[in-house]
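**Q** One file is attached below, model-v3.csv, containing CSV, C-alpha atoms and all ligand atoms.
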chain,number,residue,atom,x,y,z
A,1,PRO,CA,0.0,0.0,0.0
A,2,ALA,CA,2.1,2.9,-1.2
A,3,ALA,CA,1.0,6.2,0.3
A,4,ASP,CA,1.0,9.0,-2.2
A,5,TRP,CA,2.8,11.7,-0.1
A,6,TRP,CA,5.5,12.2,-2.7
A,7,GLN,CA,3.0,13.2,-5.3
A,8,GLY,CA,1.8,16.3,-3.5
A,9,PRO,CA,2.0,19.6,-5.4
A,10,GLN,CA,4.6,21.0,-3.0
A,11,ALA,CA,6.9,18.1,-3.4
A,12,LYS,CA,6.4,18.2,-7.2
A,13,ALA,CA,7.3,21.9,-7.3
A,14,LEU,CA,10.4,21.3,-5.2
A,15,LEU,CA,11.6,18.4,-7.3
A,16,SER,CA,11.1,20.3,-10.5
A,17,ALA,CA,13.0,23.3,-9.1
A,18,LEU,CA,15.9,20.9,-8.5
A,19,ASN,CA,15.5,19.6,-12.1
A,20,GLY,CA,14.6,16.1,-10.8
A,21,GLU,CA,18.1,15.8,-9.2
A,22,ALA,CA,16.7,15.0,-5.8
A,23,ARG,CA,15.1,11.9,-4.3
A,24,PHE,CA,13.2,11.1,-1.2
A,25,VAL,CA,15.2,9.0,1.2
A,26,GLY,CA,15.1,7.3,4.6
A,27,GLY,CA,12.1,7.3,6.9
A,28,ALA,CA,9.8,9.0,4.4
A,29,VAL,CA,10.3,6.3,1.8
A,30,ARG,CA,10.1,3.5,4.4
A,31,ASP,CA,6.9,4.8,5.9
A,32,GLY,CA,5.4,5.7,2.6
A,33,LEU,CA,5.9,2.2,1.3
A,34,LEU,CA,4.6,0.7,4.5
A,35,GLY,CA,1.5,2.9,4.3
A,36,ARG,CA,2.4,4.6,7.6
A,37,THR,CA,2.1,8.3,8.3
A,38,VAL,CA,5.1,10.2,7.0
A,39,ASN,CA,6.3,12.7,9.5
A,40,ASP,CA,9.4,14.4,8.2
A,41,VAL,CA,10.4,14.4,4.6
A,42,ASP,CA,14.1,14.0,3.8
A,43,LEU,CA,15.5,14.4,0.3
A,44,ALA,CA,19.0,13.5,-1.0
A,45,THR,CA,20.7,15.2,-3.9
A,46,PRO,CA,24.0,15.2,-5.6
A,47,LEU,CA,23.8,19.0,-5.8
A,48,LEU,CA,25.9,21.0,-3.4
A,49,PRO,CA,24.0,22.9,-0.6
A,50,ALA,CA,24.7,26.3,-2.2
A,51,GLU,CA,23.3,25.2,-5.5
A,52,VAL,CA,20.2,23.7,-3.8
A,53,THR,CA,19.7,27.0,-2.1
A,54,ARG,CA,20.2,29.0,-5.3
A,55,ARG,CA,17.7,26.9,-7.3
A,56,LEU,CA,15.1,26.8,-4.6
A,57,GLU,CA,15.2,30.5,-3.9
A,58,ALA,CA,15.0,31.2,-7.6
A,59,ALA,CA,11.8,29.1,-7.7
A,60,GLY,CA,10.4,31.1,-4.7
A,61,PHE,CA,10.9,28.7,-1.9
A,62,LYS,CA,11.9,29.8,1.6
A,63,VAL,CA,15.2,28.1,2.4
A,64,ILE,CA,16.8,27.8,5.8
A,65,PRO,CA,20.5,26.8,6.1
A,66,THR,CA,19.8,24.3,9.0
A,67,GLY,CA,23.0,22.3,8.7
A,68,ILE,CA,25.1,23.6,5.8
A,69,ASP,CA,28.3,21.9,7.2
A,70,HIS,CA,26.5,18.6,7.0
A,71,GLY,CA,25.1,19.5,3.7
A,72,THR,CA,21.5,20.1,4.8
A,73,VAL,CA,19.1,22.9,3.9
A,74,THR,CA,15.5,23.0,4.9
A,75,ALA,CA,12.8,24.2,2.4
A,76,VAL,CA,9.5,25.4,3.9
A,77,VAL,CA,6.3,25.4,1.8
A,78,ARG,CA,3.0,26.1,3.4
A,79,GLY,CA,4.1,24.8,6.8
A,80,GLN,CA,5.5,21.6,5.3
A,81,THR,CA,9.2,21.3,5.6
A,82,PHE,CA,11.6,19.3,3.4
A,83,GLU,CA,15.2,18.6,4.5
A,84,ILE,CA,17.5,18.4,1.5
A,85,THR,CA,20.9,16.9,2.1
A,86,THR,CA,23.7,16.5,-0.3
A,87,LEU,CA,24.9,12.9,-0.9
A,88,ARG,CA,27.7,11.9,1.5
A,89,ARG,CA,30.1,9.2,2.2
A,90,ASP,CA,31.8,8.6,5.6
A,91,VAL,CA,35.4,9.5,5.7
A,92,SER,CA,36.0,8.4,9.3
A,93,THR,CA,33.9,7.5,12.4
A,94,ASP,CA,34.7,7.4,16.1
A,95,GLY,CA,31.8,5.5,17.6
A,96,ARG,CA,29.7,8.6,18.1
A,97,ARG,CA,29.8,10.6,14.9
A,98,ALA,CA,31.1,10.5,11.4
A,99,THR,CA,33.2,12.9,9.4
A,100,VAL,CA,31.6,13.0,6.0
A,101,ALA,CA,32.5,14.2,2.5
A,102,PHE,CA,30.1,15.2,-0.2
A,103,SER,CA,29.5,12.7,-2.9
A,104,THR,CA,27.5,12.4,-6.2
A,105,ASP,CA,27.1,8.6,-5.8
A,106,TRP,CA,23.6,7.4,-4.7
A,107,ALA,CA,24.8,4.0,-3.8
A,108,GLU,CA,27.6,5.4,-1.6
A,109,ASP,CA,25.1,7.5,0.3
A,110,ALA,CA,22.9,4.5,0.8
A,111,GLN,CA,25.8,2.4,2.2
A,112,ARG,CA,26.4,4.8,5.0
A,113,ARG,CA,22.8,4.6,6.3
A,114,ASP,CA,22.0,2.2,9.2
A,115,PHE,CA,19.3,-0.3,8.2
A,116,THR,CA,18.3,-1.7,4.8
A,117,ILE,CA,14.8,-0.3,5.1
A,118,ASN,CA,16.3,3.1,5.9
A,119,GLY,CA,18.4,3.2,2.8
A,120,LEU,CA,15.8,3.5,0.1
A,121,PHE,CA,15.4,6.4,-2.3
A,122,ALA,CA,12.3,7.3,-4.3
A,123,ASP,CA,11.8,9.8,-7.1
A,124,GLY,CA,8.9,12.1,-7.8
A,125,GLU,CA,7.0,9.4,-9.8
A,126,GLY,CA,7.3,7.0,-6.8
A,127,ARG,CA,10.0,4.9,-8.5
A,128,VAL,CA,12.1,3.2,-5.7
A,129,PHE,CA,15.9,2.9,-5.9
A,130,ASP,CA,17.2,0.1,-3.7
A,131,PHE,CA,20.9,-0.2,-3.3
A,132,THR,CA,20.7,-2.0,0.1
A,133,GLY,CA,18.1,-4.8,-0.4
A,134,GLY,CA,15.6,-2.8,1.8
A,135,THR,CA,12.5,-3.5,-0.3
A,136,GLN,CA,12.9,-7.2,0.5
A,137,ASP,CA,13.0,-6.4,4.2
A,138,LEU,CA,9.7,-4.5,4.2
A,139,SER,CA,7.4,-7.4,4.4
A,140,PRO,CA,7.7,-9.0,6.9
A,141,THR,CA,9.6,-6.1,8.2
A,142,ARG,CA,13.1,-7.0,9.3
A,143,ILE,CA,15.6,-4.6,10.8
A,144,ARG,CA,18.9,-5.5,9.2
A,145,PHE,CA,22.1,-3.5,9.2
A,146,ILE,CA,23.6,-2.5,5.9
A,147,GLY,CA,26.9,-4.3,5.9
A,148,ARG,CA,28.2,-6.2,8.9
A,149,ALA,CA,26.3,-5.4,12.1
A,150,GLU,CA,29.5,-5.4,14.2
A,151,ASP,CA,31.3,-2.9,12.0
A,152,ARG,CA,28.3,-0.6,11.7
A,153,ILE,CA,27.8,-0.5,15.5
A,154,ARG,CA,31.4,0.2,16.2
A,155,GLU,CA,31.2,3.2,13.8
A,156,ASP,CA,28.3,4.6,15.8
A,157,TYR,CA,27.0,2.9,19.0
A,158,LEU,CA,23.7,4.8,18.8
A,159,ARG,CA,22.8,2.3,16.1
A,160,LEU,CA,22.5,-0.3,18.7
A,161,MET,CA,19.7,1.6,20.3
A,162,ARG,CA,18.2,2.4,17.0
A,163,PHE,CA,18.2,-1.3,16.1
A,164,PHE,CA,16.0,-2.1,19.1
A,165,ARG,CA,13.9,1.0,18.7
A,166,PHE,CA,13.2,0.3,15.0
A,167,HIS,CA,12.4,-3.3,15.7
A,168,ALA,CA,10.0,-2.3,18.5
A,169,HIS,CA,8.1,0.0,16.1
A,170,TYR,CA,8.4,-1.9,12.8
A,171,GLY,CA,9.7,-5.4,13.2
A,172,THR,CA,7.2,-8.1,12.2
A,173,GLY,CA,9.8,-10.9,11.6
A,174,PRO,CA,12.2,-12.3,14.1
A,175,MET,CA,15.0,-10.1,15.4
A,176,ASP,CA,18.1,-10.3,13.3
A,177,ALA,CA,20.4,-12.9,14.9
A,178,LYS,CA,23.7,-11.3,13.7
A,179,ALA,CA,22.6,-8.0,15.1
A,180,LEU,CA,21.8,-9.6,18.5
A,181,THR,CA,25.2,-11.3,18.6
A,182,ALA,CA,26.9,-8.0,17.8
A,183,ALA,CA,24.7,-6.2,20.4
A,184,ALA,CA,25.8,-8.7,23.1
A,185,ALA,CA,29.5,-8.2,22.2
A,186,LEU,CA,29.3,-4.4,21.9
A,187,ALA,CA,26.8,-3.3,24.5
A,188,PRO,CA,29.6,-1.7,26.7
A,189,GLY,CA,30.3,0.8,23.9
A,190,LEU,CA,27.0,2.5,24.6
A,191,ALA,CA,28.8,4.2,27.6
A,192,GLN,CA,30.6,6.4,25.1
A,193,LEU,CA,27.3,8.1,24.1
A,194,SER,CA,25.8,11.2,25.7
A,195,ALA,CA,23.0,10.3,28.1
A,196,GLU,CA,20.5,12.5,26.1
A,197,ARG,CA,20.9,10.6,22.9
A,198,VAL,CA,20.5,7.2,24.7
A,199,TRP,CA,17.5,8.4,26.7
A,200,SER,CA,15.8,9.8,23.6
A,201,GLU,CA,16.1,6.4,21.9
A,202,LEU,CA,15.0,4.6,25.0
A,203,LYS,CA,11.9,6.8,25.4
A,204,ARG,CA,10.9,6.2,21.8
A,205,LEU,CA,11.4,2.5,22.2
A,206,LEU,CA,9.2,2.4,25.3
A,207,ALA,CA,6.5,4.2,23.3
A,208,ALA,CA,6.2,1.3,20.8
A,209,PRO,CA,2.9,-0.6,20.8
A,210,ALA,CA,4.5,-3.8,22.1
A,211,PRO,CA,8.1,-3.4,23.4
A,212,THR,CA,8.1,-6.6,25.5
A,213,GLU,CA,10.0,-8.8,23.1
A,214,VAL,CA,12.5,-6.1,22.4
A,215,LEU,CA,13.1,-5.4,26.1
A,216,ALA,CA,13.7,-9.1,26.6
A,217,ALA,CA,16.3,-9.1,23.9
A,218,MET,CA,17.9,-6.0,25.4
A,219,GLY,CA,17.9,-7.8,28.8
A,220,GLN,CA,19.5,-10.9,27.3
A,221,THR,CA,22.2,-9.0,25.4
A,222,GLY,CA,23.2,-6.8,28.3
A,223,VAL,CA,22.0,-3.6,26.6
A,224,LEU,CA,19.3,-3.0,29.2
A,225,THR,CA,21.8,-3.2,32.0
A,226,GLN,CA,24.0,-0.8,30.2
A,227,VAL,CA,21.5,1.9,29.6
A,228,LEU,CA,19.1,1.3,32.6
A,229,PRO,CA,20.9,-0.7,35.3
A,230,GLU,CA,18.0,-0.1,37.6
A,231,ALA,CA,15.6,-2.0,35.4
A,232,LEU,CA,14.0,-5.2,36.7
A,233,TRP,CA,13.6,-7.7,34.1
A,234,PRO,CA,11.4,-9.6,33.4
A,235,ALA,CA,8.7,-7.2,34.6
A,236,ALA,CA,5.0,-7.1,33.9
A,237,LEU,CA,4.7,-4.4,31.3
A,238,PRO,CA,1.3,-2.7,31.3
A,239,ALA,CA,-0.3,-1.0,28.3
A,240,GLY,CA,0.4,2.7,28.3
A,241,ASP,CA,2.8,5.3,27.1
A,242,TRP,CA,6.6,5.4,27.6
A,243,SER,CA,6.2,6.7,31.2
A,244,VAL,CA,4.0,3.8,32.3
A,245,ARG,CA,6.4,1.3,30.7
A,246,LEU,CA,9.4,3.0,32.3
A,247,LEU,CA,8.1,3.1,35.8
A,248,ALA,CA,6.9,-0.5,35.5
A,249,LEU,CA,10.5,-1.5,34.7
A,250,LEU,CA,11.9,0.3,37.8
A,251,PRO,CA,11.9,-1.2,41.3
A,252,PRO,CA,9.6,0.4,43.8
A,253,GLY,CA,11.2,3.2,45.7
A,254,CYS,CA,13.6,3.9,42.8
A,255,ASP,CA,15.4,7.3,43.2
A,256,LEU,CA,13.9,9.1,40.3
A,257,THR,CA,15.8,12.3,40.8
A,258,ALA,CA,19.1,10.5,40.5
A,259,LEU,CA,17.8,8.8,37.4
A,260,SER,CA,16.7,12.1,36.0
A,261,ASP,CA,20.1,13.6,36.6
A,262,ARG,CA,21.8,10.8,34.8
A,263,LEU,CA,19.5,10.5,31.9
A,264,ARG,CA,18.9,14.3,31.6
A,265,TRP,CA,15.2,14.2,31.8
A,266,SER,CA,13.3,17.4,31.3
A,267,LYS,CA,11.6,19.0,34.4
A,268,ALA,CA,8.2,17.9,33.0
A,269,GLU,CA,9.4,14.3,32.6
A,270,LEU,CA,10.7,14.2,36.1
A,271,GLY,CA,7.5,15.8,37.5
A,272,LEU,CA,5.3,13.3,35.7
A,273,LEU,CA,7.3,10.3,37.0
A,274,ILE,CA,7.3,11.6,40.6
A,275,GLY,CA,3.6,12.0,40.5
A,276,MET,CA,3.2,8.5,39.0
A,277,GLN,CA,5.5,7.0,41.5
A,278,GLU,CA,3.5,8.4,44.4
A,279,ALA,CA,0.3,7.1,42.9
A,280,ALA,CA,1.9,3.7,42.3
A,281,GLU,CA,3.4,3.4,45.8
A,282,SER,CA,1.6,5.5,48.4
A,283,GLU,CA,-0.1,3.4,51.0
A,284,PRO,CA,-3.1,3.6,51.1
A,285,PRO,CA,-3.6,5.5,47.9
A,286,HIS,CA,-6.0,8.5,48.1
A,287,PRO,CA,-7.2,9.2,44.6
A,288,TYR,CA,-8.5,12.7,45.4
A,289,GLY,CA,-5.4,13.9,47.1
A,290,LEU,CA,-3.2,12.4,44.4
A,291,LEU,CA,-5.3,13.9,41.6
A,292,ARG,CA,-5.2,17.3,43.2
A,293,ARG,CA,-1.4,17.2,43.3
A,294,TYR,CA,-0.6,15.3,40.2
A,295,GLY,CA,-3.6,15.4,37.9
A,296,ALA,CA,-3.5,12.9,35.0
A,297,ALA,CA,-0.2,11.3,36.2
A,298,VAL,CA,-2.4,9.4,38.7
A,299,LEU,CA,-4.0,7.4,36.0
A,300,SER,CA,-0.6,6.3,34.7
A,301,GLY,CA,0.7,5.6,38.2
A,302,PHE,CA,-2.3,3.4,39.1
A,303,ALA,CA,-1.7,1.4,35.9
A,304,VAL,CA,1.8,0.7,37.2
A,305,ARG,CA,0.4,-0.1,40.7
A,306,LEU,CA,-2.0,-2.7,39.1
A,307,ALA,CA,0.8,-4.2,36.9
A,308,ARG,CA,2.9,-4.7,40.1
A,309,GLY,CA,0.0,-6.7,41.6
A,310,GLY,CA,-1.3,-3.9,43.8
A,311,SER,CA,-4.8,-2.8,44.2
A,312,VAL,CA,-6.5,0.6,43.7
A,313,PRO,CA,-9.6,2.1,45.3
A,314,GLN,CA,-13.0,1.2,43.9
A,315,GLY,CA,-14.3,3.6,41.2
A,316,TRP,CA,-11.0,5.4,40.9
A,317,GLN,CA,-11.1,5.4,37.1
A,318,GLU,CA,-14.4,7.3,37.0
A,319,ILE,CA,-13.0,9.7,39.6
A,320,ALA,CA,-9.9,10.3,37.5
A,321,ILE,CA,-11.6,10.6,34.2
A,322,GLY,CA,-14.1,13.2,35.5
A,323,TRP,CA,-11.6,15.0,37.5
A,324,GLN,CA,-11.7,18.8,37.7
A,325,PRO,CA,-9.1,20.6,39.8
A,326,ARG,CA,-10.6,21.8,43.1
A,327,ASP,CA,-9.1,24.3,45.6
A,328,PHE,CA,-9.4,23.6,49.3
A,329,PRO,CA,-11.8,26.2,50.5
A,330,LEU,CA,-10.3,26.9,53.9
A,331,SER,CA,-7.1,28.7,55.0
A,332,GLY,CA,-5.2,29.2,58.2
A,333,ARG,CA,-6.9,32.5,58.7
A,334,ASP,CA,-10.3,30.8,59.1
A,335,LEU,CA,-8.9,28.9,62.0
A,336,ILE,CA,-7.2,31.9,63.6
A,337,GLU,CA,-10.5,33.9,63.3
A,338,ARG,CA,-12.0,31.1,65.3
A,339,GLY,CA,-9.5,31.3,68.1
A,340,ALA,CA,-6.6,29.1,67.0
A,341,GLN,CA,-3.0,30.2,67.7
A,342,PRO,CA,-0.7,30.7,64.7
A,343,GLY,CA,2.1,28.1,64.6
A,344,PRO,CA,3.0,24.6,63.5
A,345,ASP,CA,0.0,23.1,65.3
A,346,LEU,CA,-2.3,25.2,63.2
A,347,GLY,CA,-0.6,24.0,60.0
A,348,ARG,CA,-1.0,20.4,61.1
A,349,ARG,CA,-4.7,20.9,62.0
A,350,LEU,CA,-5.4,22.6,58.6
A,351,ALA,CA,-3.6,19.8,56.8
A,352,ALA,CA,-5.7,17.2,58.7
A,353,ILE,CA,-8.9,19.0,57.7
A,354,GLU,CA,-7.7,19.1,54.1
A,355,GLN,CA,-7.0,15.4,54.1
A,356,ALA,CA,-10.3,14.5,55.5
A,357,TRP,CA,-11.9,16.8,52.9
A,358,GLU,CA,-10.0,14.9,50.2
A,359,ALA,CA,-11.0,11.5,51.6
A,360,GLY,CA,-14.6,12.6,51.4
A,361,GLY,CA,-14.2,13.4,47.7
A,362,CYS,CA,-13.4,17.1,47.9
A,363,VAL,CA,-17.1,17.9,47.9
A,364,ALA,CA,-17.7,19.6,51.3
A,365,SER,CA,-18.3,23.3,50.8
A,366,ARG,CA,-16.6,26.1,52.7
A,367,ASP,CA,-19.7,26.6,54.8
A,368,GLU,CA,-19.9,22.9,55.7
A,369,LEU,CA,-16.2,22.9,56.6
A,370,LEU,CA,-16.7,26.0,58.8
A,371,ALA,CA,-19.7,24.5,60.5
A,372,GLY,CA,-17.5,21.5,61.2
A,373,LEU,CA,-15.0,23.7,63.0
A,374,ALA,CA,-17.4,25.1,65.5
B,401,LIG,P1,12.2,8.6,12.3
B,401,LIG,O1,12.4,10.1,12.0
B,401,LIG,O2,10.7,8.2,12.3
B,401,LIG,O3,12.8,8.2,13.6
B,401,LIG,P2,14.0,8.2,10.2
B,401,LIG,O4,14.3,7.0,9.4
B,401,LIG,O5,13.6,9.4,9.5
B,401,LIG,O6,12.9,7.7,11.2
B,401,LIG,P3,16.1,9.8,11.3
B,401,LIG,O7,16.8,9.6,12.6
B,401,LIG,O8,15.2,11.0,11.1
B,401,LIG,O9,15.2,8.5,11.1
B,401,LIG,O10,17.2,9.7,10.2
B,401,LIG,C1,16.9,9.8,8.8
B,401,LIG,C2,17.7,8.8,8.0
B,401,LIG,O11,19.1,9.0,8.2
B,401,LIG,C3,17.5,7.4,8.4
B,401,LIG,O12,16.4,6.8,7.7
B,401,LIG,C4,18.8,6.7,8.1
B,401,LIG,O13,18.9,6.5,6.7
B,401,LIG,C5,19.8,7.8,8.4
B,401,LIG,N1,20.4,7.7,9.7
B,401,LIG,C6,19.9,8.4,10.8
B,401,LIG,N2,20.7,8.1,11.9
B,401,LIG,C7,21.6,7.3,11.5
B,401,LIG,C8,22.8,6.6,12.1
B,401,LIG,N3,23.0,6.8,13.4
B,401,LIG,N4,23.6,5.9,11.4
B,401,LIG,C9,23.3,5.7,10.0
B,401,LIG,N5,22.3,6.3,9.4
B,401,LIG,C10,21.5,7.0,10.1
B,402,MG,MG,13.3,11.3,10.4
For this file, write the structure as structure tokens.
Ligand code: ATP
Ligand code: MG

**A**
Amino acid sequence: PAADWWQGPQAKALLSALNGEARFVGGAVRDGLLGRTVNDVDLATPLLPAEVTRRLEAAGFKVIPTGIDHGTVTAVVRGQTFEITTLRRDVSTDGRRATVAFSTDWAEDAQRRDFTINGLFADGEGRVFDFTGGTQDLSPTRIRFIGRAEDRIREDYLRLMRFFRFHAHYGTGPMDAKALTAAAALAPGLAQLSAERVWSELKRLLAAPAPTEVLAAMGQTGVLTQVLPEALWPAALPAGDWSVRLLALLPPGCDLTALSDRLRWSKAELGLLIGMQEAAESEPPHPYGLLRRYGAAVLSGFAVRLARGGSVPQGWQEIAIGWQPRDFPLSGRDLIERGAQPGPDLGRRLAAIEQAWEAGGCVASRDELLAGLA
């Protein structure tokens, strides 16, 4: 089922501005051929970046020099962006990045890509150019390295993570045995990579529809220990997004702040996981209090709680789904006006009233609470 994204009028205009000397490449071709949604559209061309820019600007395109050093310019047409990169070959690699030289050879550009299904080109008519055997690996979808798995991983250890990530999202056949052997031998090399790059791959992997088999393979090859030594495996993986899967992999009580520092999570990611962890582990769980503090994170946290064999209060799902933030209607001043002394005791008393209010479903009004004080 070939999607027809490359026949859109914007793409047509762009290709004709480049005199047909550009082809779609990588993820766009792969996803188009698989009938999946194409997110970003990459093109490859033997033209040099300055020439690409000149021709596109002459044809009225807005061109942004996003990575001139790597040979990439971005053309924007009606909100749709096209990344156009000059053909390249690897001159040298150090396990993290490649030094590249421009090339005019399509096959050479294909050879430096990671997996056979990521090495396909397609022209404006939808003709596919396959220098890597990628079309054969589309159905069933197999993630196979272009060239020897060991060599390709040594060039760039991130490809190890990409192998598992792509298998989790696309693989429909068995995992490639040679890649798994190479992964087992080379897993320690992942330590060379920056934590951000590893985390970004891990997060995308955990978001796959069914990552269980891939995580098992990562456990067996030592890759999981390398990137997430805290992970318990095997673990019961609940349905859910990356955050649910991640927390389910971690042992109860795991120090999330330390993990966040190491993996360079964003503040939002850490905040979400902390709320989820409290919902998953607080005893007993008070859905209203948790919802007031953490909002939707509670739903995810309770999913983890259930996956760990724990129980959750009756009717919590209805409560969570219909949840609207509610402010506690009393303050310390109300107690002082009724004769309480300012100080720590007052704070504790107020907190106790708030907890009781939450336990009752956050429904008691201010007047009802005041009446209760008398
Ligand atoms: P998606 O964007 O959905 O993750 P993609 O295939 O577009 O998939 P990108 O990371 O955007 O992946 O990379 C674009 C293309 O560049 C890939 O299809 C692949 O051909 C090549 N590529 C990307 N990263 C590497 C790498 N580490 N080693 C070799 N080739 C790579
Ligand atoms: Mg992409």

**Q** So the first atom is CA of Gly189 (chain A) and the second is CA of Arg245 (chain A); what is the distance between them in Å, to one decimal place?

**A**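 Separating CA of Gly189 (chain A) from CA of Arg245 (chain A) is a distance of 24.9 Å.
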
**Q** Taking (30.4, -4.7, 8.9) in the coordinates of the supplied file, I want to know which residues reach to within 12 Å of it, counting all atoms listed in the file; could you give the answer as a list of chain:residue names?

**A**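 Final list of nearby residues, as requested, is A:Gln111, A:Arg112, A:Asp114, A:Phe115, A:Arg144, A:Phe145, A:Ile146, A:Gly147, A:Arg148, A:Ala149, A:Glu150, A:Asp151, A:Arg152, A:Ile153, A:Arg154, A:Glu155, A:Asp156, A:Lys178, A:Ala179, A:Ala182.
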
**Q** Could you check the closest approach to Leu306 (chain A) for each of A:Val91, A:Leu43, A:Val227, A:Ala236 and tell me which residue wins, using all atoms listed in the file?

**A**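 Using all atoms listed in the file, Leu306 (chain A) sits closest to A:Ala236.
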
**Q** Do you know which residues are at most 10 Å from Arg162 (chain A) counting all atoms listed in the file, after dropping those on the same chain fewer than 2 positions away, and could you put them as a PyMOL selection string?

**A** chain A and resi 114-115+143+157-160+164-168+198+201-202+204-205

**Q** With a cut-off of 12 Å, could you pull out the residues of chain A touching ligand MG 402 (chain B) and give me the nearest pair of atoms for each, distance in Å to one decimal, using all atoms listed in the file, ordered by chain and ascending number, as JSON lines?

**A**
{"residue": "A:Phe24", "atom": "CA", "partner": "B:MG402", "partner_atom": "MG", "distance": 11.6}
{"residue": "A:Val25", "atom": "CA", "partner": "B:MG402", "partner_atom": "MG", "distance": 9.7}
{"residue": "A:Gly26", "atom": "CA", "partner": "B:MG402", "partner_atom": "MG", "distance": 7.3}
{"residue": "A:Gly27", "atom": "CA", "partner": "B:MG402", "partner_atom": "MG", "distance": 5.4}
{"residue": "A:Ala28", "atom": "CA", "partner": "B:MG402", "partner_atom": "MG", "distance": 7.3}
{"residue": "A:Val29", "atom": "CA", "partner": "B:MG402", "partner_atom": "MG", "distance": 10.4}
{"residue": "A:Arg30", "atom": "CA", "partner": "B:MG402", "partner_atom": "MG", "distance": 10.3}
{"residue": "A:Asp31", "atom": "CA", "partner": "B:MG402", "partner_atom": "MG", "distance": 10.2}
{"residue": "A:Thr37", "atom": "CA", "partner": "B:MG402", "partner_atom": "MG", "distance": 11.8}
{"residue": "A:Val38", "atom": "CA", "partner": "B:MG402", "partner_atom": "MG", "distance": 8.9}
{"residue": "A:Asn39", "atom": "CA", "partner": "B:MG402", "partner_atom": "MG", "distance": 7.2}
{"residue": "A:Asp40", "atom": "CA", "partner": "B:MG402", "partner_atom": "MG", "distance": 5.4}
{"residue": "A:Val41", "atom": "CA", "partner": "B:MG402", "partner_atom": "MG", "distance": 7.2}
{"residue": "A:Asp42", "atom": "CA", "partner": "B:MG402", "partner_atom": "MG", "distance": 7.2}
{"residue": "A:Leu43", "atom": "CA", "partner": "B:MG402", "partner_atom": "MG", "distance": 10.8}
{"residue": "A:Thr81", "atom": "CA", "partner": "B:MG402", "partner_atom": "MG", "distance": 11.8}
{"residue": "A:Phe82", "atom": "CA", "partner": "B:MG402", "partner_atom": "MG", "distance": 10.8}
{"residue": "A:Glu83", "atom": "CA", "partner": "B:MG402", "partner_atom": "MG", "distance": 9.6}
{"residue": "A:Asn118", "atom": "CA", "partner": "B:MG402", "partner_atom": "MG", "distance": 9.8}
{"residue": "A:Phe166", "atom": "CA", "partner": "B:MG402", "partner_atom": "MG", "distance": 11.9}

**Q** Taking 3 positions as the minimum chain separation for residues in the same chain, which residues sit within 10 Å of His286 (chain A) when counting only C-alpha atoms? Answer as an mmCIF file with C-alpha atoms, keeping the file's coordinate frame.

**A**
data_model
loop_
_atom_site.group_PDB
_atom_site.id
_atom_site.type_symbol
_atom_site.label_atom_id
_atom_site.label_comp_id
_atom_site.auth_asym_id
_atom_site.auth_seq_id
_atom_site.Cartn_x
_atom_site.Cartn_y
_atom_site.Cartn_z
ATOM 1 C CA ALA A 279 0.300 7.100 42.900
ATOM 2 C CA SER A 282 1.600 5.500 48.400
ATOM 3 C CA GLU A 283 -0.100 3.400 51.000
ATOM 4 C CA GLY A 289 -5.400 13.900 47.100
ATOM 5 C CA LEU A 290 -3.200 12.400 44.400
ATOM 6 C CA LEU A 291 -5.300 13.900 41.600
ATOM 7 C CA VAL A 312 -6.500 0.600 43.700
ATOM 8 C CA PRO A 313 -9.600 2.100 45.300
ATOM 9 C CA TRP A 316 -11.000 5.400 40.900
ATOM 10 C CA GLN A 355 -7.000 15.400 54.100
ATOM 11 C CA GLU A 358 -10.000 14.900 50.200
ATOM 12 C CA ALA A 359 -11.000 11.500 51.600
ATOM 13 C CA GLY A 361 -14.200 13.400 47.700
#

**Q** CA of Gly275 (chain A) and CA of Leu237 (chain A), how far apart in Å?

**A**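 Computed distance, CA of Leu237 (chain A) to CA of Gly275 (chain A), equals 18.8 Å.
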
**Q** Using only C-alpha atoms, which residues sit within 10 Å of Ser194 (chain A) once same-chain residues fewer than 4 positions away are excluded, as a list in words?

**A**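 The contact residues come out as Arg96, Leu158, Leu190, Val198, Trp199, Arg262, Leu263 and Arg264 of chain A.
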
**Q** Counting only C-alpha atoms, which of A:Pro329, A:Gly8, A:Gly32, A:Gly360 gets nearest to Phe121 (chain A)?

**A**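 That would be A:Gly32, the residue with the smallest distance to Phe121 (chain A).
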
**Q** Give me the residues near region 265-269 of chain A as a list in words, where near means some atom within 9 Å (using all atoms listed in the file) and where sequence neighbours in that chain fewer than 5 positions away do not count.

**A**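 Contacts, in chain order: Glu196, Trp199, Ser243, Leu259, Ser260 and Ile274 of chain A.
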
**Q** Based on the selection just made, write C-alpha atoms of those residues as a PDB file, in the frame of the given file.

**A**
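Saved result, part_23.pdb, follows:
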ATOM      1  CA  GLU A 196      20.500  12.500  26.100  1.00  0.00           C
ATOM      2  CA  TRP A 199      17.500   8.400  26.700  1.00  0.00           C
ATOM      3  CA  SER A 243       6.200   6.700  31.200  1.00  0.00           C
ATOM      4  CA  LEU A 259      17.800   8.800  37.400  1.00  0.00           C
ATOM      5  CA  SER A 260      16.700  12.100  36.000  1.00  0.00           C
ATOM      6  CA  ILE A 274       7.300  11.600  40.600  1.00  0.00           C
TER       7      ILE A 274
END
